[in-house]
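Remarks on the structure that follows.
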Amino acid sequence: MKTYNIKLPLKDYDIHDFHVGDIIYLSGTIGTGRDHVHKRILEYRNSDRILPDSFSFFDKGAIYHMGPIVKKNEKNEYQIVSGGPTTSARMEPYQEEVCQTLGVAFVIGKGGMSNINWNRINAIYLSFPGGVGALMSKFIKKIVNIEWLDLGTPEAVWFFEVNKFGPLIVTADTHNQNLYQRK
Amino acid sequence: MEISFKIHLAKIIENAIYQLILKSSTSVPDNVMQKIQECQDQIQPESVAAIQLKLMKENLEYGKMNRIPICQDTGHLNFFIQLGDSFPIISDFKKQIEKSIEKLTNEAIIRPNTVDPISNKNPQNNLGLNYPPIYIEIIQKSEDLIITLLNKGGGSENMSKLYMLSASSGKELIIPTVIETIKQAGSKPCPPIIVGVGIGGDAVKSMFLAKKSLLRPISSRNLDSDLADLENKLLHEINKLDIGIMGLGGSCTCLDVHVERSMRHPATYPLGIVIDCYSHRIRSCKITKNGKVLFGTLNSEYKFQPEKKNAGLGEINENI
C-alpha cells in the first residue's frame with residue numbers, strides 16, 4: 001500500500017505502477033462526466049464529430065463521475081458548492097469506449113464498476129466516498145471550463161483545478177484486482 | 001381579520017419549509033451521527049473502508065457547521081404532511097413548498113434535480129409536473145401541522161424494488177427477497193444503508209409504507225412484535241452480507257431496517273423495498289395553529305418530537 005501525489009496529466013508514473021489499496025492525491029485539472037455525457041461522447045465519436053478542445057484535459061487525465069451543486073459568485077463566475085461522486089455503475093456500458101476515446105488514465109467515482117477491462121484501456125478506478133460533497137469544495141481551486149451546459153448543471157462537463165484531491169483509493173487496477181469483488 | 005391571519009400563517013409555513021429544507025439538506029439527525037460513530041468504532045482502523053468512513057463523517061460535520069449541502073445530490077424532496085383537522089388552513093401547501101424550493105435552488109442549497117422524462121430537459125428550478133411528491137394525512141382532533149421532509153437521493157432510490165410475491169408463499173419469501181435485493185444493490189445505495197420494507201396492501205401502498213417507514217428514527221422498532229422481530233432478523237442477515245462501508249467489505253452494511261404492513265388482497269402479496277443512504281437527511285417541523293414553529297424528527301409512532309435546542313435547531317417564534 002503506497003501513497004502517491006500525482007500531477008495531471010499523468011507522466012511521472014506508469015499506470016501499471018498502481019495497485020489496489022494504494023492512496024492517491026490528485027492535483028491539476030480534472031473533468032466531470034456522468035450519464036448523458038458518456039452517451040454523448042460516444043455519439044460524437046460514432047458520427048465523427050469533433051469533441052470540444054477542452055476535452056484534451058481528459059488525455060492522461062481524470063474523469064470524475066459527479067454532478068455538482070453550483071452557484072454564481074459576484075463576478076458572475078460559477079463556483080462548485082458541493083460535489084461528491086455519483087454511482088459509477090451506471091456508466092459501465094460506456095466506460096471502456098469513453099476512456100479509449102479520450103485517453104483517460106483515472107476514473108473517479110463511488111461504488112466501483114464491474115466488467116471493465118482496466119488493463120486493456122490503460123486506466124484505473126479511484127474511489128471517493130459517496131455523499132462527500134461538502135468536503136469536496138475544499139479541494140477545488142477554480143473552474144477552468146464548462147461544456148455541454150444544455151444538459152443542465154448537474155449533467156454538464158465541469159473542468160476544474162484541484163489541489164491534492166484525496167485520499168482517493170485505487171480500488172480497481174490494471175492487474176485484474178478489484179476491491180469491490182468479494183472472494 | 002380572519003383572512004389576514006391566514007395569509008400571515010401561510011407566510012410562516014413558507015418560512016418554516018424553507019428552514020426545514022435548509023436543515024435537512026445540510027445535516028443529518030444526531031442519531032444517524034451516533035450510528036456512524038458506532039460503525040467507526042467497529043471497523044479495522046487502517047482499512048480502506050475506515051479511510052472512507054472517516055471522510056464521510058468529516059463531511060457530515062463540515063457540511064453542518066458551514067451550512068453546505070452535505071451531498072451534492074440533495075435528492076427528490078419527499079414531503080409527508082400530517083395535517084390536523086383543526087389547523088386553520090386546509091391545503092397541500094404546494095405553493096409554499098414551491099416558493100421555498102425556488103429560493104433554495106437559487107441559493108445553491110439544493111441542486112436542480114428535476115428532469116422531464118420525455119424531453120430530458122432540466123428546467124434548473126427544481127419544479128415541474130407532479131413535483132415535488134407530497135403525501136398528506138389528516139390527523140383527527142389535532143390543531144397542528146407537521147411537515148416531514150426526506151431528501152431522497154437518486155443512487156439509493158434506484159435500488160428500490162416492488163415484488164408481487166405468490167399469495168400462498170409470500171410470507172416465507174419476505175426475508176430471502178429482501179436479502180437478495182440488498183445483495184444486488186451492493187455498493188450502489190451508499191452503505192451503510194437504512195432499509196424500509198412495506199408488506200401487503202397493493203403495489204402503491206406497499207411502496208408507500210416502505211418509504212414512510214424510513215421516517216421512523218434509527219433503532220426504533222415496530223410496536224407490533226412480529227414486525228419488530230422481522231426488523232431485527234433482517235438487520236442481522238443484511239449485516240452478514242459483507243457489503244460494508246461503500247461496498248468495500250465488512251459488517252457495517254445497514255444502520256437499520258423498518259417494516260410496516262397493510263391488509264393485502266387474497267390473490268396478492270406485495271413487497272415494497274426502499275433504501276436510503278447513510279446520509280439520511282430527514283427532518284420534521286411542527287407549526288401550531290398560532291404560528292409557533294418547532295423543528296425535530298418523528299418518533300417510532302410517527303409523532304413529532306422536538307429536537308434538543310443544543311442540536312442547533314431551536315425554535316422560531318412568530319407573533320400573530
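In the C-alpha cells, each chain is lettered A, B, ... as it comes, each chain's residues begin at 1, and ligands are numbered from 1 in order of appearance.
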Exercise for review: For stretch 112-129 of chain A, list every protein, DNA or RNA residue within 8 Å, evaluated using only C-alpha atoms, and leave out those in the same chain fewer than 3 positions away; present the list as a PyMOL selection string.
Suggested key: (chain A and resi 15-16+84-85+87-89+92+95-96+99-100+104-109+132+166-176+180) or (chain B and resi 52-53+55-56+187+246)
May I have the selected residues written with C-alpha atoms, as a PDB file, in the first residue's frame?
ATOM      1  CA  ILE A  15      -0.456   3.269 -14.960  1.00  0.00           C
ATOM      2  CA  HIS A  16       0.749  -0.265 -14.130  1.00  0.00           C
ATOM      3  CA  GLY A  84     -19.220  14.214  -4.232  1.00  0.00           C
ATOM      4  CA  PRO A  85     -19.231  11.254  -6.639  1.00  0.00           C
ATOM      5  CA  THR A  87     -22.823   5.853  -8.697  1.00  0.00           C
ATOM      6  CA  SER A  88     -20.241   4.735 -11.278  1.00  0.00           C
ATOM      7  CA  ALA A  89     -22.101   1.535 -12.141  1.00  0.00           C
ATOM      8  CA  GLU A  92     -20.428   0.798 -17.137  1.00  0.00           C
ATOM      9  CA  GLN A  95     -16.810   3.485 -19.799  1.00  0.00           C
ATOM     10  CA  GLU A  96     -14.275   1.468 -21.771  1.00  0.00           C
ATOM     11  CA  CYS A  99     -11.730   6.037 -21.788  1.00  0.00           C
ATOM     12  CA  GLN A 100     -10.243   4.876 -25.087  1.00  0.00           C
ATOM     13  CA  VAL A 104      -8.370   8.782 -19.669  1.00  0.00           C
ATOM     14  CA  ALA A 105      -5.968   7.434 -17.032  1.00  0.00           C
ATOM     15  CA  PHE A 106      -8.139   7.749 -13.923  1.00  0.00           C
ATOM     16  CA  VAL A 107     -11.840   7.124 -13.493  1.00  0.00           C
ATOM     17  CA  ILE A 108     -13.073   8.572 -10.195  1.00  0.00           C
ATOM     18  CA  GLY A 109     -16.382   7.587  -8.677  1.00  0.00           C
ATOM     19  CA  VAL A 132     -18.871  13.508   0.452  1.00  0.00           C
ATOM     20  CA  GLY A 166      -7.941  12.786  -1.906  1.00  0.00           C
ATOM     21  CA  PRO A 167      -7.390  10.414  -0.285  1.00  0.00           C
ATOM     22  CA  LEU A 168      -8.575   8.547  -3.369  1.00  0.00           C
ATOM     23  CA  ILE A 169      -8.246   4.790  -3.079  1.00  0.00           C
ATOM     24  CA  VAL A 170      -7.190   2.617  -6.009  1.00  0.00           C
ATOM     25  CA  THR A 171      -9.983   0.038  -5.965  1.00  0.00           C
ATOM     26  CA  ALA A 172      -9.517  -1.466  -9.451  1.00  0.00           C
ATOM     27  CA  ASP A 173      -6.126  -1.707 -11.165  1.00  0.00           C
ATOM     28  CA  THR A 174      -4.596  -2.969 -14.411  1.00  0.00           C
ATOM     29  CA  HIS A 175      -3.541  -6.189 -12.656  1.00  0.00           C
ATOM     30  CA  ASN A 176      -7.085  -7.506 -12.612  1.00  0.00           C
ATOM     31  CA  TYR A 180     -15.449  -4.471  -4.716  1.00  0.00           C
TER      32      TYR A 180
ATOM     33  CA  GLN B  52     -13.700   6.288   3.505  1.00  0.00           C
ATOM     34  CA  LEU B  53     -15.803   6.319   6.672  1.00  0.00           C
ATOM     35  CA  LEU B  55     -14.147  11.222   5.185  1.00  0.00           C
ATOM     36  CA  MET B  56     -17.879  10.524   5.335  1.00  0.00           C
ATOM     37  CA  SER B 187     -22.293  -0.646  -3.029  1.00  0.00           C
ATOM     38  CA  MET B 246     -19.430   1.929   0.438  1.00  0.00           C
TER      39      MET B 246
END
Exercise for review: Tell me which protein, DNA and RNA residues are within 9 Å of B:Ile21, counting only C-alpha atoms, leaving out same-chain ones fewer than 4 positions away, and put them as a ChimeraX atom specification.
Suggested key: /B:16-17,25-26,77,100-101,104,109-110,149,151,283
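Note that atom CA of A:Gly67 and atom CA of A:Val98 are 17.6 Å apart.
For A:Phe55, the list of residues within 10 Å, based on only C-alpha atoms and with local chain neighbours fewer than 3 positions off taken out, reads A:Ile30, A:Gly31, A:Leu51, A:Pro52, A:Phe58, A:Asp59, A:Gly61, A:Leu102, A:Gly103, A:Asn145, A:Glu147, A:Val157, A:Phe159.
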Saved selection, atoms kept: N, CA and C atoms, as a JSON list (two decimals), in the first residue's frame:
[["chain", "number", "residue", "atom", "x", "y", "z"],
["A", 30, "ILE", "N", -9.19, 18.32, -13.58],
["A", 30, "ILE", "CA", -9.99, 17.13, -13.84],
["A", 30, "ILE", "C", -11.33, 17.56, -14.43],
["A", 31, "GLY", "N", -12.00, 16.62, -15.10],
["A", 31, "GLY", "CA", -13.29, 16.94, -15.71],
["A", 31, "GLY", "C", -14.36, 15.99, -15.22],
["A", 51, "LEU", "N", -14.96, 16.64, -30.71],
["A", 51, "LEU", "CA", -15.26, 16.99, -29.32],
["A", 51, "LEU", "C", -14.67, 18.36, -29.00],
["A", 52, "PRO", "N", -15.23, 19.08, -28.02],
["A", 52, "PRO", "CA", -14.67, 20.40, -27.66],
["A", 52, "PRO", "C", -13.19, 20.29, -27.30],
["A", 58, "PHE", "N", -8.79, 15.49, -20.56],
["A", 58, "PHE", "CA", -9.02, 14.09, -20.17],
["A", 58, "PHE", "C", -7.85, 13.18, -20.57],
["A", 59, "ASP", "N", -7.04, 13.64, -21.54],
["A", 59, "ASP", "CA", -5.95, 12.81, -22.03],
["A", 59, "ASP", "C", -4.89, 12.65, -20.94],
["A", 61, "GLY", "N", -5.55, 12.18, -18.13],
["A", 61, "GLY", "CA", -6.16, 12.90, -17.01],
["A", 61, "GLY", "C", -7.20, 12.05, -16.30],
["A", 102, "LEU", "N", -10.98, 9.19, -25.12],
["A", 102, "LEU", "CA", -10.40, 10.39, -24.53],
["A", 102, "LEU", "C", -8.97, 10.19, -24.01],
["A", 103, "GLY", "N", -8.55, 8.94, -23.86],
["A", 103, "GLY", "CA", -7.22, 8.66, -23.32],
["A", 103, "GLY", "C", -7.15, 8.81, -21.80],
["A", 145, "ASN", "N", -13.20, 25.42, -17.14],
["A", 145, "ASN", "CA", -14.07, 25.47, -18.33],
["A", 145, "ASN", "C", -15.34, 24.66, -18.07],
["A", 147, "GLU", "N", -18.52, 22.68, -20.38],
["A", 147, "GLU", "CA", -19.06, 22.30, -21.69],
["A", 147, "GLU", "C", -20.42, 21.60, -21.51],
["A", 157, "VAL", "N", -20.35, 19.11, -18.36],
["A", 157, "VAL", "CA", -18.95, 18.75, -18.12],
["A", 157, "VAL", "C", -18.26, 19.94, -17.46],
["A", 159, "PHE", "N", -14.81, 21.35, -15.90],
["A", 159, "PHE", "CA", -13.37, 21.17, -15.74],
["A", 159, "PHE", "C", -12.91, 22.09, -14.61]]
Revision key, fill the gap. Separating atom CA of A:Lys2 from atom CA of A:Asp22, to the nearest tenth of an Å, is a gap of 4.8 Å
Check your understanding: Could you list, as a ChimeraX atom specification, every residue of chain B that has an atom within 8 Å of an atom of chain A, counting only C-alpha atoms?
Key -> /B:48,51-53,55-56,58-60,62-63,68-73,106-113,121-124,155,187-188,190,246-249,279
